[in-house]
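The file entry_4.tsv comes next; it holds TSV, C-alpha atoms and all ligand atoms.
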```tsv
chain	number	residue	atom	x	y	z
A	1	MET	CA	23.93	240.32	-49.55
A	2	ASN	CA	21.17	242.69	-50.51
A	3	ILE	CA	18.15	240.83	-51.84
A	4	PRO	CA	15.75	243.35	-53.36
A	5	THR	CA	12.24	243.89	-52.07
A	6	VAL	CA	9.52	244.58	-54.62
A	7	ASP	CA	6.43	246.55	-53.69
A	8	LEU	CA	3.37	245.16	-55.48
A	9	THR	CA	1.76	248.61	-55.45
A	10	ASP	CA	4.70	249.76	-57.63
A	11	LEU	CA	3.99	247.02	-60.18
A	12	SER	CA	0.26	247.84	-60.35
A	13	SER	CA	0.79	251.61	-60.44
A	14	ASN	CA	-0.20	253.84	-63.37
A	15	ASP	CA	3.05	255.75	-62.89
A	16	PRO	CA	5.66	254.40	-65.35
A	17	ALA	CA	8.50	255.38	-62.99
A	18	ARG	CA	7.06	253.24	-60.21
A	19	VAL	CA	6.48	250.30	-62.57
A	20	GLU	CA	10.10	250.56	-63.72
A	21	ARG	CA	11.29	250.67	-60.12
A	22	GLY	CA	9.43	247.43	-59.42
A	23	ALA	CA	10.65	245.83	-62.66
A	24	ALA	CA	14.26	246.79	-61.88
A	25	ALA	CA	13.97	245.18	-58.45
A	26	LEU	CA	12.66	241.98	-60.05
A	27	ARG	CA	15.36	241.97	-62.73
A	28	GLU	CA	18.07	242.05	-60.09
A	29	ALA	CA	16.28	239.80	-57.60
A	30	PHE	CA	15.44	237.00	-60.06
A	31	GLY	CA	18.57	237.46	-62.19
A	32	VAL	CA	21.14	237.51	-59.38
A	33	PHE	CA	19.48	235.79	-56.42
A	34	GLY	CA	16.60	233.77	-57.90
A	35	LEU	CA	14.27	235.18	-55.25
A	36	VAL	CA	12.61	238.40	-54.19
A	37	TYR	CA	11.02	239.74	-51.03
A	38	VAL	CA	7.52	241.06	-51.66
A	39	LYS	CA	5.69	243.75	-49.75
A	40	ASN	CA	2.06	244.82	-49.97
A	41	HIS	CA	1.32	241.25	-51.02
A	42	GLY	CA	-2.21	240.93	-49.64
A	43	VAL	CA	-1.57	237.79	-47.53
A	44	ASP	CA	-3.25	238.08	-44.13
A	45	ALA	CA	-0.76	237.05	-41.40
A	46	GLN	CA	-3.49	236.38	-38.83
A	47	ALA	CA	-5.38	234.13	-41.22
A	48	LEU	CA	-2.13	232.29	-41.96
A	49	ALA	CA	-1.51	231.64	-38.23
A	50	ARG	CA	-5.09	230.44	-37.88
A	51	TYR	CA	-4.59	228.08	-40.81
A	52	TYR	CA	-1.35	226.71	-39.32
A	53	ASP	CA	-3.28	225.94	-36.12
A	54	ALA	CA	-5.84	223.94	-38.13
A	55	PHE	CA	-3.18	222.15	-40.17
A	56	GLY	CA	-1.22	221.28	-37.01
A	57	GLU	CA	-4.36	219.78	-35.53
A	58	PHE	CA	-4.75	217.53	-38.57
A	59	VAL	CA	-1.06	216.48	-38.59
A	60	ALA	CA	-1.30	215.57	-34.88
A	61	ARG	CA	-3.91	212.91	-35.69
A	62	PRO	CA	-2.84	209.24	-35.75
A	63	LEU	CA	-1.48	207.97	-39.07
A	64	GLU	CA	-4.48	205.66	-39.51
A	65	ALA	CA	-6.88	208.62	-39.37
A	66	LYS	CA	-4.92	210.43	-42.10
A	67	ARG	CA	-4.29	207.46	-44.36
A	68	PRO	CA	-7.56	207.74	-46.40
A	69	TYR	CA	-6.38	211.17	-47.58
A	70	GLY	CA	-2.95	209.93	-48.75
A	71	ARG	CA	-3.78	209.19	-52.37
A	72	ALA	CA	-1.04	207.35	-54.27
A	73	ASP	CA	-3.61	206.85	-57.08
A	74	ILE	CA	-3.48	210.58	-57.86
A	75	TRP	CA	0.26	210.75	-57.20
A	76	TYR	CA	-0.39	212.67	-53.94
A	77	GLN	CA	-1.24	215.79	-55.97
A	78	ARG	CA	-4.19	216.45	-53.65
A	79	GLY	CA	-4.73	215.65	-50.01
A	80	TRP	CA	-2.19	214.29	-47.55
A	81	THR	CA	1.41	213.33	-48.34
A	82	PRO	CA	2.53	210.77	-45.73
A	83	PRO	CA	5.93	211.15	-44.06
A	84	ASN	CA	8.94	209.66	-45.87
A	85	THR	CA	7.25	209.78	-49.27
A	86	GLU	CA	8.71	212.61	-51.31
A	87	VAL	CA	12.38	212.58	-52.26
A	88	ALA	CA	14.36	215.53	-53.58
A	89	VAL	CA	16.00	214.70	-56.91
A	90	ALA	CA	19.55	215.34	-55.62
A	91	SER	CA	19.12	213.64	-52.25
A	92	ASN	CA	20.63	210.16	-52.70
A	93	GLY	CA	17.30	208.59	-51.86
A	94	GLN	CA	16.71	210.09	-48.41
A	95	PRO	CA	13.03	211.09	-48.21
A	96	ASP	CA	12.19	214.40	-46.60
A	97	PHE	CA	11.07	214.41	-42.96
A	98	LYS	CA	7.72	216.05	-43.60
A	99	GLU	CA	3.97	215.65	-43.95
A	100	CYS	CA	2.11	217.83	-46.40
A	101	TYR	CA	-1.37	218.70	-47.60
A	102	PHE	CA	-2.04	219.72	-51.19
A	103	ALA	CA	-5.04	221.59	-52.62
A	104	ALA	CA	-5.79	223.52	-55.79
A	105	PRO	CA	-7.08	226.97	-54.84
A	106	TYR	CA	-9.18	227.31	-58.02
A	107	PRO	CA	-11.59	224.86	-59.67
A	108	THR	CA	-9.98	222.32	-61.96
A	109	ASP	CA	-10.08	222.93	-65.70
A	110	GLU	CA	-12.13	220.03	-67.08
A	111	SER	CA	-10.58	219.70	-70.52
A	112	SER	CA	-7.06	219.80	-69.07
A	113	ALA	CA	-8.07	217.15	-66.52
A	114	LEU	CA	-9.12	214.85	-69.37
A	115	GLU	CA	-5.62	215.12	-70.82
A	116	PHE	CA	-3.70	214.94	-67.53
A	117	PRO	CA	-5.98	213.38	-64.90
A	118	HIS	CA	-3.23	212.96	-62.29
A	119	ILE	CA	-2.11	216.56	-62.58
A	120	TYR	CA	-5.59	218.07	-62.33
A	121	PRO	CA	-7.46	215.89	-59.81
A	122	GLU	CA	-10.31	217.25	-57.71
A	123	ASN	CA	-9.43	218.43	-54.20
A	124	VAL	CA	-9.53	215.90	-51.38
A	125	TRP	CA	-10.70	217.06	-47.94
A	126	PRO	CA	-10.88	215.24	-44.61
A	127	SER	CA	-14.50	214.48	-43.77
A	128	ASP	CA	-13.98	215.76	-40.22
A	129	ALA	CA	-11.44	218.49	-40.93
A	130	PRO	CA	-10.51	220.89	-38.13
A	131	PRO	CA	-12.27	224.28	-38.39
A	132	TYR	CA	-10.74	226.58	-41.03
A	133	PHE	CA	-8.70	223.73	-42.56
A	134	GLN	CA	-10.26	223.91	-46.02
A	135	GLU	CA	-11.12	227.60	-46.14
A	136	GLY	CA	-7.72	228.53	-44.69
A	137	LEU	CA	-5.72	226.68	-47.35
A	138	LEU	CA	-7.90	227.96	-50.21
A	139	THR	CA	-7.79	231.55	-48.95
A	140	LEU	CA	-4.02	231.40	-48.58
A	141	GLY	CA	-3.59	229.88	-52.04
A	142	ARG	CA	-5.74	232.50	-53.72
A	143	SER	CA	-4.03	235.46	-52.09
A	144	LEU	CA	-0.59	234.05	-52.94
A	145	HIS	CA	-1.74	233.39	-56.51
A	146	GLU	CA	-2.93	236.98	-56.98
A	147	ALA	CA	0.42	238.26	-55.71
A	148	GLY	CA	2.19	235.82	-58.04
A	149	LEU	CA	0.28	237.05	-61.09
A	150	GLN	CA	1.42	240.60	-60.36
A	151	LEU	CA	5.01	239.42	-59.99
A	152	LEU	CA	4.83	237.52	-63.28
A	153	ARG	CA	3.53	240.60	-65.09
A	154	GLY	CA	6.37	242.57	-63.53
A	155	ALA	CA	8.89	239.88	-64.49
A	156	ALA	CA	7.76	240.07	-68.13
A	157	VAL	CA	8.11	243.87	-68.13
A	158	ALA	CA	11.52	243.50	-66.48
A	159	LEU	CA	12.66	241.31	-69.40
A	160	GLY	CA	11.19	243.55	-72.11
A	161	LEU	CA	8.49	240.99	-72.97
A	162	PRO	CA	4.77	241.69	-73.46
A	163	GLU	CA	3.31	242.09	-69.97
A	164	THR	CA	1.07	239.03	-70.14
A	165	THR	CA	3.71	236.61	-71.49
A	166	PHE	CA	3.91	234.53	-68.30
A	167	THR	CA	0.40	235.09	-66.95
A	168	ASP	CA	-1.07	233.90	-70.28
A	169	ALA	CA	1.03	230.73	-70.03
A	170	CYS	CA	-0.32	230.25	-66.49
A	171	GLN	CA	-4.01	230.38	-67.34
A	172	ARG	CA	-5.90	227.26	-66.24
A	173	GLY	CA	-2.56	225.79	-65.11
A	174	PRO	CA	-2.22	223.11	-62.43
A	175	HIS	CA	-1.48	225.56	-59.61
A	176	VAL	CA	-1.36	223.98	-56.21
A	177	THR	CA	-1.02	225.19	-52.64
A	178	ARG	CA	0.78	223.06	-50.10
A	179	ALA	CA	0.96	223.12	-46.34
A	180	LEU	CA	4.01	221.42	-44.87
A	181	GLN	CA	4.98	220.23	-41.44
A	182	TYR	CA	8.56	219.13	-40.83
A	183	LEU	CA	8.65	216.38	-38.25
A	184	PRO	CA	10.49	216.32	-34.93
A	185	LEU	CA	13.87	214.60	-34.81
A	186	GLY	CA	14.61	212.26	-31.92
A	187	PRO	CA	17.67	212.65	-29.67
A	188	SER	CA	19.61	210.07	-31.72
A	189	GLN	CA	18.76	211.80	-35.02
A	190	VAL	CA	19.83	215.39	-34.30
A	191	ASN	CA	23.22	216.55	-35.59
A	192	THR	CA	23.59	213.48	-37.81
A	193	GLY	CA	23.30	215.40	-41.06
A	194	ILE	CA	19.57	214.67	-41.48
A	195	LEU	CA	17.82	217.48	-43.34
A	196	TRP	CA	14.15	218.34	-43.08
A	197	GLY	CA	14.05	218.96	-46.81
A	198	GLU	CA	16.98	218.18	-49.13
A	199	GLU	CA	18.35	220.92	-51.36
A	200	HIS	CA	16.43	221.14	-54.63
A	201	THR	CA	14.94	223.52	-57.16
A	202	ASP	CA	11.17	223.69	-57.71
A	203	PHE	CA	9.93	222.36	-61.05
A	204	ASN	CA	7.14	224.91	-61.52
A	205	LEU	CA	7.15	228.52	-62.78
A	206	LEU	CA	7.12	230.60	-59.60
A	207	THR	CA	6.81	229.61	-55.93
A	208	LEU	CA	5.38	231.92	-53.26
A	209	LEU	CA	6.30	231.37	-49.62
A	210	PRO	CA	4.19	233.19	-47.04
A	211	GLY	CA	6.56	232.35	-44.15
A	212	GLY	CA	6.55	229.52	-41.64
A	213	ARG	CA	6.74	229.01	-37.91
A	214	PHE	CA	8.36	226.62	-35.43
A	215	LEU	CA	6.50	224.45	-32.93
A	216	ASP	CA	8.36	223.75	-29.68
A	217	PRO	CA	8.59	220.23	-28.21
A	218	GLN	CA	5.19	220.83	-26.54
A	219	GLY	CA	3.70	221.63	-29.96
A	220	GLN	CA	3.26	225.33	-29.22
A	221	PRO	CA	4.14	228.00	-31.82
A	222	SER	CA	7.43	229.65	-30.95
A	223	LYS	CA	8.71	232.99	-32.23
A	224	SER	CA	12.34	232.34	-31.36
A	225	GLY	CA	12.80	228.84	-32.83
A	226	PRO	CA	15.05	226.02	-31.62
A	227	ASP	CA	18.40	227.42	-32.72
A	228	ASP	CA	19.88	229.68	-35.36
A	229	LYS	CA	20.66	226.99	-37.92
A	230	SER	CA	17.29	225.45	-38.73
A	231	GLY	CA	14.83	226.61	-41.35
A	232	LEU	CA	14.77	227.60	-45.00
A	233	TYR	CA	18.01	228.57	-46.77
A	234	LEU	CA	18.28	229.64	-50.40
A	235	ARG	CA	21.40	229.43	-52.55
A	236	THR	CA	22.25	232.45	-54.69
A	237	ARG	CA	23.59	232.25	-58.24
A	238	ALA	CA	27.20	231.21	-58.75
A	239	THR	CA	29.65	233.95	-59.66
A	240	PRO	CA	33.35	233.67	-60.64
A	241	GLU	CA	34.34	234.86	-57.13
A	242	ASP	CA	31.71	232.71	-55.48
A	243	PRO	CA	31.26	229.51	-57.50
A	244	LYS	CA	29.11	227.83	-54.83
A	245	GLY	CA	26.84	230.85	-54.49
A	246	GLN	CA	25.87	231.93	-50.99
A	247	MET	CA	23.38	230.37	-48.60
A	248	VAL	CA	20.88	233.00	-47.56
A	249	ARG	CA	18.28	232.56	-44.84
A	250	GLY	CA	14.82	232.55	-46.44
A	251	THR	CA	13.34	234.71	-43.71
A	252	ALA	CA	11.82	237.75	-45.35
A	253	PRO	CA	11.90	241.21	-43.75
A	254	ALA	CA	8.94	241.83	-41.43
A	255	GLY	CA	5.66	241.98	-43.33
A	256	CYS	CA	7.13	240.56	-46.55
A	257	ILE	CA	6.73	237.19	-48.26
A	258	VAL	CA	9.25	235.42	-50.53
A	259	ALA	CA	8.88	234.49	-54.20
A	260	GLN	CA	11.38	232.20	-55.89
A	261	VAL	CA	12.10	231.19	-59.46
A	262	GLY	CA	11.21	227.65	-60.55
A	263	GLN	CA	12.58	225.51	-63.38
A	264	GLN	CA	9.84	226.51	-65.85
A	265	LEU	CA	10.71	230.21	-65.56
A	266	GLU	CA	14.39	229.34	-65.93
A	267	ILE	CA	13.73	227.37	-69.11
A	268	LEU	CA	11.44	229.99	-70.69
A	269	THR	CA	14.03	232.71	-70.02
A	270	GLY	CA	16.93	230.56	-71.23
A	271	GLY	CA	18.57	230.83	-67.81
A	272	THR	CA	18.30	234.63	-67.55
A	273	PHE	CA	16.38	233.86	-64.37
A	274	LEU	CA	17.73	230.76	-62.60
A	275	ALA	CA	15.68	228.33	-60.50
A	276	THR	CA	16.59	228.87	-56.84
A	277	PRO	CA	18.16	225.94	-54.96
A	278	HIS	CA	16.81	225.74	-51.43
A	279	VAL	CA	17.15	223.47	-48.43
A	280	ILE	CA	15.30	223.12	-45.13
A	281	THR	CA	17.78	222.34	-42.39
A	282	ALA	CA	16.70	220.52	-39.23
A	283	PRO	CA	17.43	221.85	-35.74
A	284	GLY	CA	20.28	220.62	-33.59
A	285	VAL	CA	17.89	219.94	-30.69
A	286	PRO	CA	15.21	217.22	-30.63
A	287	GLY	CA	11.45	217.62	-30.54
A	288	TRP	CA	10.93	220.75	-32.64
A	289	GLN	CA	8.69	220.93	-35.71
A	290	ARG	CA	8.27	223.54	-38.41
A	291	GLN	CA	5.13	224.51	-40.28
A	292	SER	CA	5.25	226.27	-43.62
A	293	ALA	CA	3.29	226.72	-46.81
A	294	ALA	CA	3.99	227.27	-50.47
A	295	HIS	CA	1.94	228.14	-53.52
A	296	PHE	CA	3.26	226.64	-56.75
A	297	MET	CA	2.28	228.47	-59.93
A	298	HIS	CA	2.61	226.34	-63.05
A	299	VAL	CA	2.40	227.04	-66.76
A	300	HIS	CA	-0.50	225.23	-68.38
A	301	THR	CA	0.25	221.62	-69.29
A	302	SER	CA	0.03	222.42	-73.04
A	303	THR	CA	2.85	225.02	-72.87
A	304	VAL	CA	6.05	224.02	-74.62
A	305	LEU	CA	8.98	224.37	-72.24
A	306	PHE	CA	11.78	225.87	-74.29
A	307	PRO	CA	13.46	229.29	-74.21
A	308	LEU	CA	11.19	232.02	-75.61
A	309	SER	CA	12.45	233.34	-78.96
A	310	LYS	CA	14.09	236.36	-77.31
A	311	PHE	CA	16.33	234.04	-75.24
A	312	ARG	CA	16.92	231.37	-77.87
A	313	THR	CA	20.71	231.69	-78.19
A	314	PRO	CA	22.70	228.65	-79.37
A	315	GLU	CA	23.84	228.19	-75.77
A	316	ALA	CA	20.31	228.36	-74.37
A	317	ILE	CA	19.06	225.92	-77.01
A	318	GLN	CA	21.81	223.50	-76.05
A	319	ASN	CA	21.08	223.90	-72.35
A	320	TYR	CA	17.31	223.37	-72.60
A	321	ALA	CA	16.79	221.13	-75.65
A	322	PRO	CA	14.72	219.19	-76.47
A	323	PRO	CA	11.53	221.21	-76.11
A	324	VAL	CA	9.14	219.34	-73.80
A	325	LEU	CA	5.43	219.76	-73.20
A	326	ALA	CA	4.91	221.08	-69.65
A	327	GLY	CA	2.43	218.30	-68.79
A	328	THR	CA	4.99	215.70	-69.87
A	329	TYR	CA	7.68	217.51	-67.90
A	330	ASP	CA	5.38	217.45	-64.85
A	331	ILE	CA	4.90	213.68	-65.13
A	332	LYS	CA	8.64	213.07	-65.47
A	333	THR	CA	9.38	215.23	-62.42
A	334	LEU	CA	6.71	213.58	-60.28
A	335	VAL	CA	8.32	210.22	-61.09
A	336	ASP	CA	11.78	211.63	-60.26
A	337	ILE	CA	10.66	212.84	-56.82
A	338	GLY	CA	8.92	209.61	-55.90
A	339	LEU	CA	5.28	210.76	-56.04
A	340	ALA	CA	4.31	209.06	-59.34
A	341	PRO	CA	5.16	205.44	-60.25
A	342	THR	CA	7.76	204.86	-62.97
A	343	SER	CA	5.00	203.18	-65.01
A	344	ALA	CA	3.65	206.69	-65.61
A	345	LEU	CA	6.49	207.13	-68.10
A	346	ASP	CA	5.12	204.25	-70.19
A	347	GLN	CA	2.18	206.48	-71.03
A	348	LEU	CA	4.42	208.90	-72.92
A	349	GLY	CA	4.82	206.78	-76.03
A	350	TYR	CA	2.45	204.75	-78.18
A	351	ARG	CA	0.34	202.48	-75.98
A	352	HIS	CA	-1.48	200.32	-78.54
A	353	TYR	CA	1.20	198.04	-79.95
A	354	ASP	CA	-0.81	195.15	-78.51
A	355	ARG	CA	-3.58	195.86	-81.02
A	356	LEU	CA	-1.30	194.77	-83.88
A	357	ASN	CA	-0.34	191.66	-81.91
A	358	ARG	CA	-3.99	190.87	-81.38
A	359	MET	CA	-4.79	191.41	-85.05
A	360	ARG	CA	-1.92	189.16	-86.16
A	361	ALA	CA	-3.17	186.51	-83.78
A	362	GLY	CA	-6.62	186.89	-85.35
A	363	ALA	CA	-8.17	187.65	-81.99
B	401	FE	FE	10.87	223.61	-52.84
```

Give the structure from the file, written as structure tokens.
Ligand SMILES: [Fe+2]
Amino acid sequence: MNIPTVDLTDLSSNDPARVERGAAALREAFGVFGLVYVKNHGVDAQALARYYDAFGEFVARPLEAKRPYGRADIWYQRGWTPPNTEVAVASNGQPDFKECYFAAPYPTDESSALEFPHIYPENVWPSDAPPYFQEGLLTLGRSLHEAGLQLLRGAAVALGLPETTFTDACQRGPHVTRALQYLPLGPSQVNTGILWGEEHTDFNLLTLLPGGRFLDPQGQPSKSGPDDKSGLYLRTRATPEDPKGQMVRGTAPAGCIVAQVGQQLEILTGGTFLATPHVITAPGVPGWQRQSAAHFMHVHTSTVLFPLSKFRTPEAIQNYAPPVLAGTYDIKTLVDIGLAPTSALDQLGYRHYDRLNRMRAGA
């Protein structure tokens, strides 16, 4: 199992041979595995550890202190996600054992927010946040986003598309950075099949994972971790010999981060790149937690999600029809995973039938 590593300095090089080397790595990584290891990514490991300290301090607060930042009214797209809220689509209704914090690393685009207010809300910050809580999440999000833009340019080159195909679609998009803390299992919960995060694919374009860390039962960061079975696993593409794919540990080589393909990139490429299924398994011993972070890059809400003309084979059309506006797709997914109410779907058709009723009643 040899997941390629791409060097971002290859992708940004003026030397065509180096650019092609990077593009070839991406072609194989995204085409075969759905993920790539990234080196020279610009994410500061010390700053990340400092941010995890701040985030852990917030999570350790009593539920009542965090509740004002858990905003069902904006579908939890900013601020705190309470435990047992989000559900993976394929999980039979079991919510994930996690608490999260969401922030957009760049200012919200005002005209997009008028169209999709729940997808582009303003950031929400605790009034008495631990030091480095806000700056740490924004700094992390921006450095992951910059790395992601380079990967997306490389991915376009790898597919023979104009270099800015995906980065243009991303402009002013609802990108969001998320810190996650997977909660400790009690002695009666371990080894009962409970997962920290059910297996799923991400619904966005590209996800960047800077790497997480375990907290021991005393809440202290631990390099070794509770056991060898807990953490992030990614499932590789099915092959005739290997129809279930292979589960690969999502731990990147030292100094690297991970980038994985989301549903939007799968749809635009007609399945040439496949969204990566991934699962976060819980430890077999009680009391341990895990902290991690992810930056979700999205196409802009006005992008039509359908295979690009180059990939529009009859098979791809069948697999990804009908074309759907990305903002609409976002709403549907947020309902599916339990963050938005089902009434959000009522907004997708005509909403003014009552006017005719009122007129007929002469009101
Ligand atoms: Fe995910």

Env. residues ligand FE 401 (chain B) / 10 Å / all atoms listed in the file / as an MDAnalysis selection string | chainID A and resid 88 197:204 207:209 232 234 260 262 276:280 294 296

So which residues are close to (-5.6, 240.0, -57.1), meaning at most 12 Å away in the file's coordinates with all atoms listed in the file counted, and can you show them as an mmCIF file with C-alpha atoms, keeping the file's coordinate frame?
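Output below, filename part-v1.cif:
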```
data_model
loop_
_atom_site.group_PDB
_atom_site.id
_atom_site.type_symbol
_atom_site.label_atom_id
_atom_site.label_comp_id
_atom_site.auth_asym_id
_atom_site.auth_seq_id
_atom_site.Cartn_x
_atom_site.Cartn_y
_atom_site.Cartn_z
ATOM 1 C CA LEU A 8 3.370 245.160 -55.480
ATOM 2 C CA THR A 9 1.760 248.610 -55.450
ATOM 3 C CA SER A 12 0.260 247.840 -60.350
ATOM 4 C CA ASN A 40 2.060 244.820 -49.970
ATOM 5 C CA HIS A 41 1.320 241.250 -51.020
ATOM 6 C CA GLY A 42 -2.210 240.930 -49.640
ATOM 7 C CA VAL A 43 -1.570 237.790 -47.530
ATOM 8 C CA THR A 139 -7.790 231.550 -48.950
ATOM 9 C CA GLY A 141 -3.590 229.880 -52.040
ATOM 10 C CA ARG A 142 -5.740 232.500 -53.720
ATOM 11 C CA SER A 143 -4.030 235.460 -52.090
ATOM 12 C CA LEU A 144 -0.590 234.050 -52.940
ATOM 13 C CA HIS A 145 -1.740 233.390 -56.510
ATOM 14 C CA GLU A 146 -2.930 236.980 -56.980
ATOM 15 C CA ALA A 147 0.420 238.260 -55.710
ATOM 16 C CA GLY A 148 2.190 235.820 -58.040
ATOM 17 C CA LEU A 149 0.280 237.050 -61.090
ATOM 18 C CA GLN A 150 1.420 240.600 -60.360
ATOM 19 C CA LEU A 151 5.010 239.420 -59.990
#
```

Original post:
Counting all atoms listed in the file, what is within 12 Å of stretch 68-73 of chain A, bar same-chain residues fewer than 2 positions away, as number ranges by chain?
Top reply: A: 58-59, 62-66, 75-83, 85-86, 99-103, 117-119, 121-129, 334-335, 338-341, 344

Q: Return the single residue from A:Tyr233, A:Tyr51, A:Phe306, A:Phe133 that is closest to A:Val258, with distances computed using all atoms listed in the file.
A: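 So, comparing all the options, the nearest one is A:Tyr233.
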
| request: Can you work out the spacing between atom CA of A:Ala113 and atom CA of A:Ile331 in Å, to one decimal? | output: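 These atoms are spaced 13.5 Å apart.
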
Please measure the separation of atom CA of A:Gly245 and atom CA of A:Leu274, giving the value in Å to one decimal.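 Going from atom CA of A:Gly245 over to atom CA of A:Leu274 covers 12.2 Å.
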
Could you tell me how far atom CA of A:Glu135 lies from atom CA of A:Trp288, in Å and to one decimal?
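Atom-to-atom, atom CA of A:Glu135 and atom CA of A:Trp288 are spaced 26.7 Å apart.
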
Which centre and which edge lengths, in Å to one decimal, describe the axis-aligned box that holds all listed atoms of stretch 262-274 of chain A after 3 Å is added on each side, as lines of an AutoDock Vina configuration file?
```
center_x = 14.2
center_y = 230.1
center_z = -65.9
size_x = 14.7
size_y = 15.1
size_z = 16.7
```

Counting only C-alpha atoms, the residue among A:Gly154, A:Gln181, A:Leu205, A:Gln220 that lies closest to A:Asp10 is A:Gly154

Generate the coordinates of N, CA and C atoms for stretch 118-134 of chain A; report them as a CSV table (one decimal), in the frame of the given file.
```csv
chain,number,residue,atom,x,y,z
A,118,HIS,N,-4.0,213.0,-63.6
A,118,HIS,CA,-3.2,213.0,-62.3
A,118,HIS,C,-2.7,214.3,-61.9
A,119,ILE,N,-2.7,215.2,-62.9
A,119,ILE,CA,-2.1,216.6,-62.6
A,119,ILE,C,-3.2,217.5,-62.2
A,120,TYR,N,-4.4,217.2,-62.6
A,120,TYR,CA,-5.6,218.1,-62.3
A,120,TYR,C,-6.7,217.3,-61.6
A,121,PRO,N,-6.4,216.6,-60.5
A,121,PRO,CA,-7.5,215.9,-59.8
A,121,PRO,C,-8.3,216.9,-59.0
A,122,GLU,N,-9.5,216.4,-58.6
A,122,GLU,CA,-10.3,217.2,-57.7
A,122,GLU,C,-9.7,217.3,-56.3
A,123,ASN,N,-9.9,218.3,-55.6
A,123,ASN,CA,-9.4,218.4,-54.2
A,123,ASN,C,-10.0,217.3,-53.3
A,124,VAL,N,-9.2,216.9,-52.3
A,124,VAL,CA,-9.5,215.9,-51.4
A,124,VAL,C,-9.5,216.6,-50.0
A,125,TRP,N,-10.6,216.4,-49.3
A,125,TRP,CA,-10.7,217.1,-47.9
A,125,TRP,C,-11.1,216.0,-46.9
A,126,PRO,N,-10.5,216.1,-45.7
A,126,PRO,CA,-10.9,215.2,-44.6
A,126,PRO,C,-12.4,215.5,-44.3
A,127,SER,N,-13.1,214.4,-44.0
A,127,SER,CA,-14.5,214.5,-43.8
A,127,SER,C,-14.7,215.2,-42.5
A,128,ASP,N,-13.8,215.1,-41.5
A,128,ASP,CA,-14.0,215.8,-40.2
A,128,ASP,C,-12.8,216.7,-40.0
A,129,ALA,N,-12.6,217.6,-41.0
A,129,ALA,CA,-11.4,218.5,-40.9
A,129,ALA,C,-11.6,219.5,-39.8
A,130,PRO,N,-10.4,219.9,-39.2
A,130,PRO,CA,-10.5,220.9,-38.1
A,130,PRO,C,-11.1,222.2,-38.7
A,131,PRO,N,-11.7,223.0,-37.9
A,131,PRO,CA,-12.3,224.3,-38.4
A,131,PRO,C,-11.2,225.1,-39.1
A,132,TYR,N,-11.6,225.7,-40.2
A,132,TYR,CA,-10.7,226.6,-41.0
A,132,TYR,C,-9.7,225.8,-41.8
A,133,PHE,N,-9.7,224.5,-41.8
A,133,PHE,CA,-8.7,223.7,-42.6
A,133,PHE,C,-8.8,224.0,-44.1
A,134,GLN,N,-10.0,223.8,-44.6
A,134,GLN,CA,-10.3,223.9,-46.0
A,134,GLN,C,-10.2,225.4,-46.5
```
